[in-house]
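Just work-v4.txt here, compact mmCIF, C-alpha atoms and all ligand atoms:
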```txt
# COMPACT_ATOMS: atom_id res chain seq x y z
CA MET A 250 2.94 -239.53 41.18
CA GLU A 251 2.81 -235.73 41.41
CA ASP A 252 3.13 -233.65 38.25
CA LEU A 253 6.61 -232.27 37.58
CA ARG A 254 6.64 -228.47 37.66
CA PHE A 255 8.40 -226.78 34.75
CA GLY A 256 9.54 -223.20 34.28
CA VAL A 257 9.70 -222.02 30.65
CA ILE A 258 12.01 -219.30 29.32
CA GLY A 259 11.07 -217.88 25.90
CA LEU A 260 7.46 -218.04 24.67
CA GLY A 261 7.83 -217.29 20.96
CA LEU A 262 6.91 -219.59 18.07
CA ARG A 263 8.26 -222.62 19.90
CA VAL A 264 5.61 -222.19 22.60
CA SER A 265 4.08 -225.34 21.07
CA LEU A 266 6.57 -227.36 23.11
CA ALA A 267 5.44 -225.73 26.37
CA VAL A 268 1.84 -226.49 25.39
CA ALA A 269 2.85 -230.15 24.90
CA ALA A 270 4.54 -230.09 28.33
CA HIS A 271 1.49 -228.67 30.13
CA GLN A 272 -0.52 -231.77 30.98
CA PRO A 273 -2.06 -231.28 34.44
CA GLY A 274 -2.68 -234.63 36.12
CA ARG A 275 -0.76 -236.45 33.38
CA GLY A 276 2.84 -235.89 34.38
CA SER A 277 3.83 -232.24 34.14
CA VAL A 278 2.64 -228.66 34.31
CA VAL A 279 4.08 -225.35 33.20
CA ALA A 280 4.11 -223.54 36.54
CA ALA A 281 6.20 -220.46 35.71
CA VAL A 282 6.92 -218.61 32.48
CA CYS A 283 9.39 -215.94 31.41
CA ASP A 284 9.72 -213.77 28.32
CA THR A 285 11.57 -210.48 27.98
CA ASP A 286 8.69 -209.17 25.87
CA PRO A 287 5.84 -208.20 28.27
CA ALA A 288 3.14 -208.47 25.58
CA THR A 289 4.23 -212.01 24.61
CA LEU A 290 4.46 -212.95 28.28
CA LYS A 291 0.92 -211.77 29.01
CA GLU A 292 -0.60 -213.34 25.90
CA GLN A 293 1.10 -216.74 26.23
CA ALA A 294 0.90 -217.11 30.04
CA ALA A 295 -2.87 -217.44 29.73
CA ARG A 296 -2.39 -220.81 28.00
CA PHE A 297 -1.03 -222.35 31.20
CA GLY A 298 -3.69 -221.48 33.76
CA ASP A 299 -2.26 -219.06 36.26
CA PRO A 300 1.54 -219.48 36.15
CA VAL A 301 4.15 -217.31 37.87
CA THR A 302 5.28 -214.72 35.29
CA THR A 303 8.50 -212.73 34.96
CA THR A 304 10.56 -210.91 32.33
CA ASP A 305 13.84 -211.90 34.05
CA HIS A 306 14.85 -215.57 33.79
CA ARG A 307 16.94 -215.32 36.96
CA ASP A 308 13.68 -215.12 38.94
CA LEU A 309 12.91 -218.70 37.89
CA LEU A 310 16.33 -219.95 38.97
CA ARG A 311 15.74 -218.77 42.55
CA ARG A 312 12.47 -220.69 42.91
CA ASP A 313 12.58 -224.02 44.73
CA ASP A 314 9.14 -225.11 43.47
CA LEU A 315 10.38 -225.87 39.94
CA ASP A 316 11.76 -229.30 38.96
CA ALA A 317 13.21 -228.24 35.62
CA ILE A 318 13.52 -225.34 33.18
CA ILE A 319 12.68 -225.46 29.48
CA VAL A 320 14.80 -222.95 27.49
CA MET A 321 13.30 -221.82 24.17
CA THR A 322 14.98 -218.47 23.59
CA PRO A 323 16.92 -217.48 20.44
CA ASP A 324 20.05 -219.52 19.75
CA ASP A 325 22.62 -216.89 20.75
CA THR A 326 21.22 -216.88 24.31
CA HIS A 327 21.31 -220.65 24.83
CA GLU A 328 24.84 -220.85 26.20
CA GLU A 329 24.43 -218.17 28.87
CA ILE A 330 20.92 -219.12 29.99
CA ALA A 331 21.60 -222.87 30.03
CA ILE A 332 24.78 -222.42 32.09
CA ALA A 333 22.90 -220.16 34.55
CA CYS A 334 20.17 -222.84 34.94
CA LEU A 335 22.73 -225.62 35.43
CA GLU A 336 24.69 -223.61 37.98
CA ALA A 337 21.45 -222.98 39.85
CA GLY A 338 20.97 -226.77 39.99
CA LYS A 339 17.92 -226.80 37.71
CA ALA A 340 17.58 -229.67 35.23
CA VAL A 341 17.42 -228.16 31.75
CA TYR A 342 15.59 -228.89 28.52
CA LEU A 343 17.55 -226.78 26.04
CA GLU A 344 16.14 -226.28 22.56
CA LYS A 345 18.39 -227.10 19.65
CA PRO A 346 20.95 -225.95 18.64
CA LEU A 347 22.96 -226.49 21.81
CA ALA A 348 24.84 -223.22 21.09
CA ILE A 349 26.04 -221.22 18.08
CA THR A 350 29.74 -222.11 18.36
CA VAL A 351 31.71 -225.25 19.17
CA GLU A 352 33.23 -223.51 22.22
CA GLY A 353 29.75 -222.52 23.38
CA CYS A 354 28.57 -226.12 23.18
CA ASP A 355 31.56 -227.37 25.13
CA ALA A 356 31.01 -224.71 27.81
CA VAL A 357 27.41 -225.90 28.34
CA LEU A 358 28.48 -229.55 28.48
CA ARG A 359 31.24 -228.72 30.98
CA ALA A 360 28.81 -226.79 33.18
CA ALA A 361 26.47 -229.79 33.26
CA ARG A 362 29.29 -232.18 34.11
CA ASP A 363 30.88 -229.88 36.71
CA THR A 364 27.60 -229.15 38.49
CA GLY A 365 26.19 -232.67 38.06
CA THR A 366 22.90 -231.09 36.90
CA ARG A 367 20.87 -232.92 34.26
CA LEU A 368 21.06 -231.54 30.70
CA TYR A 369 18.69 -232.58 27.91
CA VAL A 370 18.90 -231.12 24.39
CA GLY A 371 15.64 -230.88 22.44
CA HIS A 372 16.43 -232.68 19.20
CA ASN A 373 12.80 -233.62 18.68
CA MET A 374 13.41 -235.11 15.22
CA ARG A 375 14.74 -238.20 16.99
CA HIS A 376 11.13 -238.70 18.09
CA MET A 377 9.60 -238.21 14.64
CA GLY A 378 7.93 -241.30 13.21
CA VAL A 379 9.71 -241.11 9.86
CA VAL A 380 13.14 -240.90 11.50
CA ARG A 381 12.45 -243.76 13.91
CA LEU A 382 11.11 -245.87 11.05
CA MET A 383 14.25 -245.30 8.95
CA ARG A 384 16.42 -246.05 11.96
CA ASP A 385 14.55 -249.33 12.65
CA ILE A 386 14.94 -250.40 9.00
CA ILE A 387 18.69 -249.78 9.20
CA ALA A 388 19.01 -251.46 12.61
CA ARG A 389 17.27 -254.59 11.25
CA GLY A 390 19.89 -254.80 8.54
CA ASP A 391 17.38 -254.50 5.67
CA ILE A 392 19.85 -252.42 3.61
CA GLY A 393 23.05 -253.92 5.01
CA GLU A 394 25.66 -251.64 6.53
CA PRO A 395 25.05 -247.91 5.75
CA LYS A 396 27.84 -246.42 3.66
CA THR A 397 26.40 -243.14 2.42
CA VAL A 398 23.57 -240.78 3.44
CA TRP A 399 22.19 -237.95 1.27
CA VAL A 400 19.77 -235.44 2.77
CA ARG A 401 17.86 -232.77 0.85
CA HIS A 402 15.98 -230.17 2.88
CA PHE A 403 13.36 -228.17 0.99
CA VAL A 404 12.37 -225.14 3.13
CA SER A 405 9.44 -223.52 1.39
CA TYR A 406 8.66 -221.26 4.35
CA GLY A 407 12.30 -220.23 4.59
CA GLY A 408 11.72 -216.64 3.54
CA ASP A 409 9.10 -216.24 6.25
CA TYR A 410 10.50 -218.23 9.18
CA TYR A 411 14.21 -217.60 8.64
CA PHE A 412 14.61 -214.24 6.93
CA LYS A 413 12.13 -212.08 8.86
CA ASP A 414 13.81 -212.19 12.29
CA TRP A 415 17.04 -212.99 14.16
CA HIS A 416 17.56 -216.22 12.20
CA ALA A 417 18.81 -214.10 9.25
CA ASP A 418 21.60 -212.48 11.30
CA ARG A 419 24.80 -214.52 11.45
CA SER A 420 25.81 -212.87 14.74
CA ARG A 421 22.70 -214.49 16.29
CA THR A 422 22.99 -217.95 14.69
CA THR A 423 26.34 -218.37 12.89
CA GLY A 424 24.29 -219.44 9.85
CA LEU A 425 21.45 -221.68 8.72
CA LEU A 426 23.81 -224.56 8.03
CA LEU A 427 24.04 -224.66 11.83
CA GLN A 428 20.71 -223.21 13.01
CA LYS A 429 18.46 -225.16 10.64
CA ALA A 430 20.69 -228.07 9.68
CA ALA A 431 21.49 -229.04 13.30
CA HIS A 432 18.30 -231.14 13.20
CA ASP A 433 19.22 -233.09 10.09
CA LEU A 434 22.92 -233.40 10.86
CA ASP A 435 21.89 -234.98 14.17
CA VAL A 436 19.53 -237.39 12.39
CA LEU A 437 22.15 -238.13 9.74
CA HIS A 438 24.67 -239.00 12.47
CA TRP A 439 22.05 -241.17 14.20
CA LEU A 440 21.15 -243.09 11.03
CA ALA A 441 24.78 -243.49 9.96
CA GLY A 442 26.02 -244.51 13.41
CA GLY A 443 28.92 -242.03 13.46
CA TYR A 444 29.94 -238.39 13.81
CA THR A 445 31.34 -236.02 11.19
CA THR A 446 35.11 -235.50 11.30
CA ARG A 447 35.68 -233.48 8.10
CA VAL A 448 33.48 -231.16 6.04
CA ASN A 449 33.42 -228.85 3.11
CA ALA A 450 30.56 -226.71 1.84
CA LEU A 451 29.44 -224.17 -0.72
CA GLY A 452 26.57 -221.76 -0.30
CA ASP A 453 25.18 -218.38 -1.21
CA LEU A 454 22.67 -215.72 -0.31
CA ALA A 455 21.06 -216.23 -3.70
CA LEU A 456 17.60 -214.72 -3.32
CA TYR A 457 16.80 -212.92 -0.07
CA GLY A 458 19.78 -210.56 -0.09
CA ASP A 459 18.12 -207.94 -2.30
CA LEU A 460 14.49 -208.05 -1.14
CA PRO A 461 12.88 -205.21 0.89
CA ARG A 462 13.77 -205.18 4.61
CA ARG A 463 12.04 -203.68 7.67
CA ALA A 464 13.60 -200.87 9.64
CA PRO A 465 15.37 -201.99 12.86
CA GLY A 466 12.94 -202.37 15.78
CA THR A 467 9.79 -202.65 13.65
CA PRO A 468 7.59 -205.72 14.26
CA ARG A 469 6.95 -208.46 11.75
CA PRO A 470 3.86 -207.64 9.67
CA HIS A 471 0.47 -208.74 10.96
CA GLY A 472 -0.42 -212.16 9.56
CA TRP A 473 3.19 -212.93 8.58
CA LEU A 474 2.63 -216.62 9.24
CA ARG A 475 -0.76 -216.85 7.54
CA GLU A 476 -0.33 -214.99 4.31
CA PHE A 477 2.60 -216.42 2.41
CA ASP A 478 3.93 -214.65 -0.66
CA TRP A 479 4.69 -216.54 -3.86
CA PRO A 480 6.97 -216.53 -5.77
CA PRO A 481 9.76 -216.09 -3.19
CA THR A 482 11.07 -213.00 -5.02
CA SER A 483 7.84 -211.19 -4.01
CA ARG A 484 8.65 -211.55 -0.29
CA ARG A 485 9.17 -208.31 1.62
CA ASP A 486 9.42 -207.06 5.23
CA LEU A 487 12.60 -209.04 5.80
CA HIS A 488 14.77 -208.58 8.89
CA HIS A 489 16.98 -205.50 8.81
CA VAL A 490 20.09 -207.72 8.87
CA VAL A 491 20.19 -210.52 6.29
CA ASP A 492 23.66 -212.03 6.03
CA VAL A 493 23.13 -215.81 6.24
CA GLU A 494 23.03 -218.09 3.20
CA ASP A 495 19.68 -219.19 1.74
CA VAL A 496 21.12 -222.10 -0.25
CA SER A 497 23.91 -224.44 0.84
CA VAL A 498 25.41 -227.83 0.09
CA MET A 499 27.70 -229.68 2.45
CA ASN A 500 29.81 -232.84 2.22
CA MET A 501 30.91 -234.89 5.21
CA ARG A 502 33.16 -237.77 6.15
CA LEU A 503 32.16 -239.56 9.35
CA ASP A 504 34.37 -241.29 11.90
CA ASN A 505 33.07 -244.71 10.76
CA GLY A 506 33.93 -244.11 7.11
CA VAL A 507 30.41 -243.10 5.99
CA VAL A 508 30.41 -240.36 3.35
CA ALA A 509 27.40 -238.01 3.50
CA ALA A 510 25.85 -234.94 1.91
CA TYR A 511 23.31 -232.38 3.12
CA GLN A 512 21.57 -229.75 0.99
CA GLN A 513 19.30 -226.92 2.15
CA CYS A 514 17.28 -224.40 0.13
CA HIS A 515 14.99 -221.69 1.51
CA PHE A 516 13.00 -220.85 -1.62
CA THR A 517 11.41 -224.13 -2.69
CA PRO A 518 7.64 -224.40 -3.29
CA ASP A 519 7.31 -227.39 -0.94
CA TYR A 520 8.53 -228.03 2.63
CA TRP A 521 9.94 -231.45 3.49
CA ARG A 522 13.05 -233.49 4.01
CA ASN A 523 14.21 -236.30 1.79
CA TYR A 524 16.68 -238.89 3.11
CA THR A 525 18.44 -241.52 1.05
CA VAL A 526 20.53 -244.08 2.90
CA ILE A 527 22.52 -246.57 0.84
CA GLY A 528 23.96 -249.63 2.51
CA THR A 529 25.93 -252.66 1.39
CA GLU A 530 22.68 -254.55 0.57
CA GLY A 531 20.14 -251.96 -0.51
CA ARG A 532 18.83 -248.47 -0.04
CA LEU A 533 15.94 -246.62 1.59
CA GLU A 534 14.28 -243.32 0.77
CA ASN A 535 11.36 -241.44 2.35
CA PHE A 536 8.57 -239.87 0.30
CA GLY A 537 6.99 -237.26 2.55
CA ASP A 538 8.12 -237.02 6.17
CA GLY A 539 4.91 -236.95 8.21
CA PRO A 540 2.45 -239.47 9.65
CA GLY A 541 0.95 -241.61 6.86
CA ASP A 542 3.86 -240.97 4.45
CA THR A 543 6.06 -243.71 3.00
CA VAL A 544 9.58 -245.04 3.38
CA LYS A 545 10.56 -247.32 0.50
CA VAL A 546 13.28 -249.96 0.60
CA TRP A 547 14.91 -251.47 -2.46
CA ASN A 548 17.07 -254.45 -1.57
CA THR A 549 17.01 -256.60 -4.70
CA GLY A 550 18.58 -255.81 -8.05
CA PRO A 551 20.33 -254.56 -9.96
CA THR A 552 17.56 -253.07 -12.14
CA GLY A 553 16.89 -249.87 -14.06
CA TYR A 554 14.67 -247.17 -12.55
CA ARG A 555 11.64 -248.60 -10.80
CA ASP A 556 9.00 -246.67 -8.97
CA ASP A 557 7.87 -249.69 -6.97
CA CYS A 558 10.15 -251.10 -4.30
CA ASP A 559 10.79 -254.29 -2.38
CA ILE A 560 9.20 -253.15 0.89
CA ALA A 561 7.10 -250.01 1.53
CA TYR A 562 6.60 -248.88 5.12
CA ARG A 563 3.97 -246.41 6.29
CA VAL A 564 5.01 -243.74 8.84
CA PRO A 565 2.71 -244.37 11.85
CA GLN A 566 -0.12 -241.98 12.68
CA ALA A 567 0.65 -239.60 15.57
CA GLN A 568 -0.90 -236.73 17.48
CA GLY A 569 0.38 -233.22 18.12
CA SER A 570 3.04 -230.88 16.77
CA HIS A 571 6.05 -232.02 14.70
CA GLY A 572 4.37 -235.28 13.69
CA GLY A 573 3.87 -236.37 17.30
CA ALA A 574 7.52 -235.78 18.21
CA ASP A 575 6.81 -233.02 20.74
CA LEU A 576 4.55 -235.16 22.96
CA ASP A 577 7.05 -238.02 22.83
CA ILE A 578 10.07 -235.85 23.58
CA VAL A 579 8.28 -234.30 26.57
CA ALA A 580 7.56 -237.82 27.85
CA GLU A 581 11.25 -238.72 27.51
CA PHE A 582 12.28 -235.49 29.23
CA ARG A 583 9.93 -236.21 32.15
CA ARG A 584 11.50 -239.62 32.61
CA PHE A 585 14.97 -238.07 32.40
CA VAL A 586 14.15 -235.43 35.05
CA ARG A 587 12.82 -238.10 37.42
CA GLU A 588 15.33 -240.90 36.80
CA GLY A 589 18.25 -239.58 34.72
CA GLY A 590 20.06 -242.04 32.47
CA VAL A 591 20.58 -242.43 28.76
CA THR A 592 17.97 -240.95 26.39
CA ASP A 593 17.32 -241.17 22.64
CA THR A 594 18.45 -237.55 22.32
CA SER A 595 22.07 -236.97 23.28
CA PRO A 596 24.04 -233.92 24.41
CA VAL A 597 27.13 -235.39 22.72
CA ALA A 598 25.25 -235.79 19.44
CA ALA A 599 23.81 -232.28 19.82
CA ARG A 600 27.36 -230.92 20.15
CA MET A 601 28.56 -232.92 17.15
CA SER A 602 25.73 -231.63 14.94
CA VAL A 603 26.59 -228.03 15.86
CA ALA A 604 30.29 -228.71 15.34
CA ALA A 605 29.66 -230.13 11.85
CA GLY A 606 27.38 -227.22 10.90
CA TYR A 607 29.78 -224.66 12.37
CA MET A 608 32.82 -225.97 10.51
CA ALA A 609 30.78 -226.30 7.29
CA THR A 610 29.79 -222.64 7.65
CA LEU A 611 33.46 -221.69 7.98
CA SER A 612 34.16 -223.75 4.87
CA LEU A 613 31.45 -222.16 2.73
CA ARG A 614 32.66 -218.70 3.75
CA ASP A 615 36.19 -219.78 2.81
CA GLY A 616 35.59 -220.86 -0.78
CA GLY A 617 34.70 -224.43 0.12
CA ALA A 618 38.02 -225.31 1.75
CA PRO A 619 37.85 -228.54 3.80
CA TYR A 620 37.79 -228.20 7.60
CA ASP A 621 38.31 -230.78 10.35
CA VAL A 622 35.66 -230.95 13.06
CA PRO A 623 37.23 -230.54 16.53
CA PRO A 624 36.65 -233.69 18.58
CA LEU A 625 34.82 -233.50 21.90
CA ASP A 626 36.90 -233.98 25.06
CA PRO A 627 36.66 -237.80 25.57
CA GLU A 628 35.98 -237.36 29.30
CA LEU A 629 32.96 -235.18 28.56
CA ALA A 630 31.76 -237.62 25.93
CA ALA A 631 32.07 -240.52 28.37
CA TYR A 632 30.15 -238.62 31.08
CA PHE A 633 27.17 -237.96 28.80
CA ASP A 634 27.28 -241.31 26.98
CA GLY A 635 27.17 -242.92 30.43
CA GLY A 636 23.87 -241.19 31.25
CA GLN A 637 25.30 -238.24 33.28
CA ARG A 638 25.80 -240.36 36.38
N1 LIG B 701 12.92 -228.29 17.96
C1 LIG B 701 12.15 -227.64 17.12
O1 LIG B 701 11.41 -228.21 16.34
C2 LIG B 701 12.19 -226.15 17.13
C3 LIG B 701 11.22 -225.43 16.41
C4 LIG B 701 11.26 -224.03 16.48
C5 LIG B 701 12.25 -223.41 17.22
N2 LIG B 701 13.17 -224.14 17.89
C6 LIG B 701 14.20 -223.48 18.71
O2 LIG B 701 13.54 -222.77 19.76
C7 LIG B 701 14.22 -221.55 20.03
C8 LIG B 701 13.23 -220.39 19.93
O3 LIG B 701 12.77 -220.30 18.61
P1 LIG B 701 11.46 -219.46 18.25
O4 LIG B 701 11.18 -219.71 16.82
O5 LIG B 701 10.40 -219.73 19.27
O6 LIG B 701 11.99 -217.95 18.42
P2 LIG B 701 11.11 -216.65 18.67
O7 LIG B 701 11.94 -215.51 18.29
O8 LIG B 701 9.76 -216.82 18.01
O9 LIG B 701 10.86 -216.66 20.24
C9 LIG B 701 11.87 -216.43 21.17
C10 LIG B 701 11.23 -215.80 22.40
O10 LIG B 701 12.23 -215.67 23.41
C11 LIG B 701 12.09 -214.38 24.01
N3 LIG B 701 13.40 -214.03 24.60
C12 LIG B 701 14.52 -213.61 23.96
N4 LIG B 701 15.53 -213.45 24.84
C13 LIG B 701 15.04 -213.81 26.05
C14 LIG B 701 15.60 -213.88 27.35
N5 LIG B 701 16.89 -213.56 27.57
N6 LIG B 701 14.81 -214.25 28.37
C15 LIG B 701 13.51 -214.58 28.16
N7 LIG B 701 12.92 -214.53 26.95
C16 LIG B 701 13.68 -214.17 25.90
C17 LIG B 701 11.64 -213.48 22.90
O11 LIG B 701 10.99 -212.32 23.39
C18 LIG B 701 10.68 -214.39 22.13
O12 LIG B 701 9.35 -214.30 22.60
C19 LIG B 701 15.36 -221.46 19.03
O13 LIG B 701 16.56 -221.86 19.64
C20 LIG B 701 14.99 -222.44 17.93
O14 LIG B 701 16.11 -223.02 17.31
C21 LIG B 701 13.15 -225.49 17.87
```
Mind turning this structure into structure tokens?
Amino acid sequence: MEDLRFGVIGLGLRVSLAVAAHQPGRGSVVAAVCDTDPATLKEQAARFGDPVTTTDHRDLLRRDDLDAIIVMTPDDTHEEIAIACLEAGKAVYLEKPLAITVEGCDAVLRAARDTGTRLYVGHNMRHMGVVRLMRDIIARGDIGEPKTVWVRHFVSYGGDYYFKDWHADRSRTTGLLLQKAAHDLDVLHWLAGGYTTRVNALGDLALYGDLPRRAPGTPRPHGWLREFDWPPTSRRDLHHVVDVEDVSVMNMRLDNGVVAAYQQCHFTPDYWRNYTVIGTEGRLENFGDGPGDTVKVWNTGPTGYRDDCDIAYRVPQAQGSHGGADLDIVAEFRRFVREGGVTDTSPVAARMSVAAGYMATLSLRDGGAPYDVPPLDPELAAYFDGGQR
């Protein structure tokens, strides 16, 4: 079978995904690349042999030698670029989040349905070993029926990755309870087997609001992702706009009755995610979230605190970025481009994670008032849940 030929739009930090997709002779190649920044374009293009290069994404849409387009530009561009790709009849891999508003998500989904062009949303956490392990434990019934899920996200690198560029500007992301949390809200929905219908949230810009910022248009400092400052209060060279929250807590009720909570902090010493799922017959919790780490299950009791558990599972070893998830998601995307059909990632779920994060952001900027999450048009949901046929 011939390699699929991919075009890639946006070659910033997420270029790791394009590298995972460039496997000459093994299924797919990156044949054309686009970035609006000529220096980034030149530097990154060299990683893919001799691809077609352009600073205008519309050049890729006119080419008939590309099977699909991978979109990895900043979040506020997703809606427009994805719709342009779909209208040009190009299958799309769109990085998460689907868009930065609920309306934006629905516009992308409608464009895919109306054009009949395949849309895939890059929620790579669904391919992470720790997430799949937790999901298997729940599916086997080891903890009974899930009733509550609590997620804590410790983002040690937050000040560097999220407050030194566009991520810190709410006009480019809505907020980090959408931009960053979209991953975990999607996983939470997947583990709980439902979608959020009602939210409330509190949050603050507790630490990065008063630290030194760069002048508009000045680049991030050399070595910004090698030399990390500690403590977080010593961080400097932040983006010129910083108006998103750096700490937030969010409560959810799901359509199947599950009650859930998600917490995010951008100034912790350590970076990881901790999930607790409690069911009618036990609970699970992960300790570390990478290959070789542990998910513990307690399903006897009641007892007092005990560090041991009834069953301990090891997260399988894996190769490549994001704990092996990037290679696996590329493999799923290749199959989807060739054959279509239902995938482990889901455009409907991608929309519901944005919708939950978007409404929670409205809530935290409104004193924590509860907000309902607008449902997705049932016809759109049915189209995507049916495998876009
Ligand atoms: N799934 C994951 O694990 C994961 C990880 C990181 C980032 N992401 C997502 O990937 C996307 C990109 O994130 P990033 O960290 O690489 O951002 P980045 O700022 O490092 O890179 C974005 C790149 O896109 C280019 N660009 C901007 N507008 C463009 C346009 N109209 N046409 C072509 N190029 C354009 C920029 O010049 C830049 O090189 C975001 O949506 C982010 O949420 C996902």
Once you count only C-alpha atoms and all ligand atoms, what closest atom pair and distance in Å to one decimal does each residue of chain A within 8 Å of ligand LIG 701 (chain B) have, with rows by chain and rising residue number, as JSON lines?
```
{"residue": "A:Ile258", "atom": "CA", "partner": "B:LIG701", "partner_atom": "C15", "distance": 5.1}
{"residue": "A:Gly259", "atom": "CA", "partner": "B:LIG701", "partner_atom": "O10", "distance": 3.5}
{"residue": "A:Leu260", "atom": "CA", "partner": "B:LIG701", "partner_atom": "O12", "distance": 4.7}
{"residue": "A:Gly261", "atom": "CA", "partner": "B:LIG701", "partner_atom": "O9", "distance": 3.2}
{"residue": "A:Leu262", "atom": "CA", "partner": "B:LIG701", "partner_atom": "O5", "distance": 3.7}
{"residue": "A:Arg263", "atom": "CA", "partner": "B:LIG701", "partner_atom": "O5", "distance": 3.7}
{"residue": "A:Val264", "atom": "CA", "partner": "B:LIG701", "partner_atom": "O5", "distance": 6.3}
{"residue": "A:Cys283", "atom": "CA", "partner": "B:LIG701", "partner_atom": "C15", "distance": 5.4}
{"residue": "A:Asp284", "atom": "CA", "partner": "B:LIG701", "partner_atom": "N7", "distance": 3.6}
{"residue": "A:Thr285", "atom": "CA", "partner": "B:LIG701", "partner_atom": "N7", "distance": 4.4}
{"residue": "A:Asp286", "atom": "CA", "partner": "B:LIG701", "partner_atom": "O11", "distance": 4.6}
{"residue": "A:Thr289", "atom": "CA", "partner": "B:LIG701", "partner_atom": "O12", "distance": 6.0}
{"residue": "A:Leu290", "atom": "CA", "partner": "B:LIG701", "partner_atom": "O12", "distance": 7.6}
{"residue": "A:Thr304", "atom": "CA", "partner": "B:LIG701", "partner_atom": "C15", "distance": 6.3}
{"residue": "A:Asp305", "atom": "CA", "partner": "B:LIG701", "partner_atom": "N6", "distance": 6.2}
{"residue": "A:His306", "atom": "CA", "partner": "B:LIG701", "partner_atom": "N6", "distance": 5.6}
{"residue": "A:Val320", "atom": "CA", "partner": "B:LIG701", "partner_atom": "C7", "distance": 7.6}
{"residue": "A:Met321", "atom": "CA", "partner": "B:LIG701", "partner_atom": "C7", "distance": 4.2}
{"residue": "A:Thr322", "atom": "CA", "partner": "B:LIG701", "partner_atom": "O10", "distance": 3.9}
{"residue": "A:Pro323", "atom": "CA", "partner": "B:LIG701", "partner_atom": "O13", "distance": 4.5}
{"residue": "A:Asp324", "atom": "CA", "partner": "B:LIG701", "partner_atom": "O13", "distance": 4.2}
{"residue": "A:Asp325", "atom": "CA", "partner": "B:LIG701", "partner_atom": "O13", "distance": 7.9}
{"residue": "A:Thr326", "atom": "CA", "partner": "B:LIG701", "partner_atom": "N5", "distance": 6.4}
{"residue": "A:His327", "atom": "CA", "partner": "B:LIG701", "partner_atom": "O13", "distance": 7.1}
{"residue": "A:Ile330", "atom": "CA", "partner": "B:LIG701", "partner_atom": "N5", "distance": 7.3}
{"residue": "A:Glu344", "atom": "CA", "partner": "B:LIG701", "partner_atom": "C6", "distance": 5.1}
{"residue": "A:Lys345", "atom": "CA", "partner": "B:LIG701", "partner_atom": "O14", "distance": 5.2}
{"residue": "A:Pro346", "atom": "CA", "partner": "B:LIG701", "partner_atom": "O14", "distance": 5.8}
{"residue": "A:Gly371", "atom": "CA", "partner": "B:LIG701", "partner_atom": "N1", "distance": 5.8}
{"residue": "A:His372", "atom": "CA", "partner": "B:LIG701", "partner_atom": "N1", "distance": 5.8}
{"residue": "A:Asn373", "atom": "CA", "partner": "B:LIG701", "partner_atom": "N1", "distance": 5.4}
{"residue": "A:Met374", "atom": "CA", "partner": "B:LIG701", "partner_atom": "O1", "distance": 7.3}
{"residue": "A:Tyr410", "atom": "CA", "partner": "B:LIG701", "partner_atom": "O4", "distance": 7.8}
{"residue": "A:Asp414", "atom": "CA", "partner": "B:LIG701", "partner_atom": "O7", "distance": 7.1}
{"residue": "A:Trp415", "atom": "CA", "partner": "B:LIG701", "partner_atom": "O7", "distance": 7.0}
{"residue": "A:Gln428", "atom": "CA", "partner": "B:LIG701", "partner_atom": "O14", "distance": 6.3}
{"residue": "A:Lys429", "atom": "CA", "partner": "B:LIG701", "partner_atom": "O14", "distance": 7.4}
{"residue": "A:His432", "atom": "CA", "partner": "B:LIG701", "partner_atom": "N1", "distance": 7.7}
{"residue": "A:His571", "atom": "CA", "partner": "B:LIG701", "partner_atom": "O1", "distance": 6.8}
{"residue": "A:Asp575", "atom": "CA", "partner": "B:LIG701", "partner_atom": "O1", "distance": 8.0}
```
Item to check | Expected answer as a list in words: all residues with atoms within 12 Å of (0.8, -240.5, 5.6), all atoms listed in the file | outcome: Gly378, Val379, Asn535, Phe536, Gly537, Asp538, Gly539, Pro540, Gly541, Asp542, Thr543, Val544, Tyr562, Arg563, Val564, Pro565, Gln566, Ala567 and Gly572 of chain A
Next on the checklist: My list of candidates is A:Ala441, A:Leu456, A:Leu426, A:Ala599. Which is closest to Asp504 of chain A when distances are computed with all atoms listed in the file?
Outcome noted: A:Ala441
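Atom CA of Ser602 of chain A is found 13.0 Å from atom CA of Gly442 of chain A.
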Checklist entry - Could you pull the residues within 8 Å of Ser595 of chain A, counting all atoms listed in the file, minus those fewer than 6 positions along the same chain, as a ChimeraX atom specification? => result /A:369-370,633-634
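Nearest-residue note for His376 of chain A: choosing from A:Thr592, A:Thr525, A:Thr517, A:Asn500, the minimum distance belongs to A:Thr592, counting only C-alpha atoms.
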Next on the checklist: Please compute the atom CA of Asp626 of chain A-atom CA of Lys339 of chain A distance, one decimal, in Å.
Outcome noted: 23.9 Å
Checklist entry - Which polymer residues have any atom within 12 Å of an atom of Lys413 of chain A, counting only C-alpha atoms, with same-chain residues fewer than 2 positions away left out, as a ChimeraX atom specification? => result /A:406-411,415-418,457-458,460-470,473-474,484-493
Using all atoms of segment 561-571 of chain A that appear in the file, construct an axis-aligned enclosing box with 5 Å of padding on every side and provide its centre coordinates and edge lengths in Å, rounded to one decimal, as AutoDock Vina command-line options.
```
--center_x 3.1 --center_y -240.4 --center_z 9.8 --size_x 18.0 --size_y 29.1 --size_z 26.6
```
Next on the checklist: Taking 2 positions as the minimum chain separation for residues in the same chain, which residues sit within 7 Å of Trp547 of chain A when counting only C-alpha atoms? Answer as JSON, numbers by chain.
Outcome noted: {"A": [531, 532, 533, 545, 549, 558, 559, 560]}
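Going from atom CA of Arg296 of chain A to atom CA of Arg254 of chain A covers 15.3 Å.
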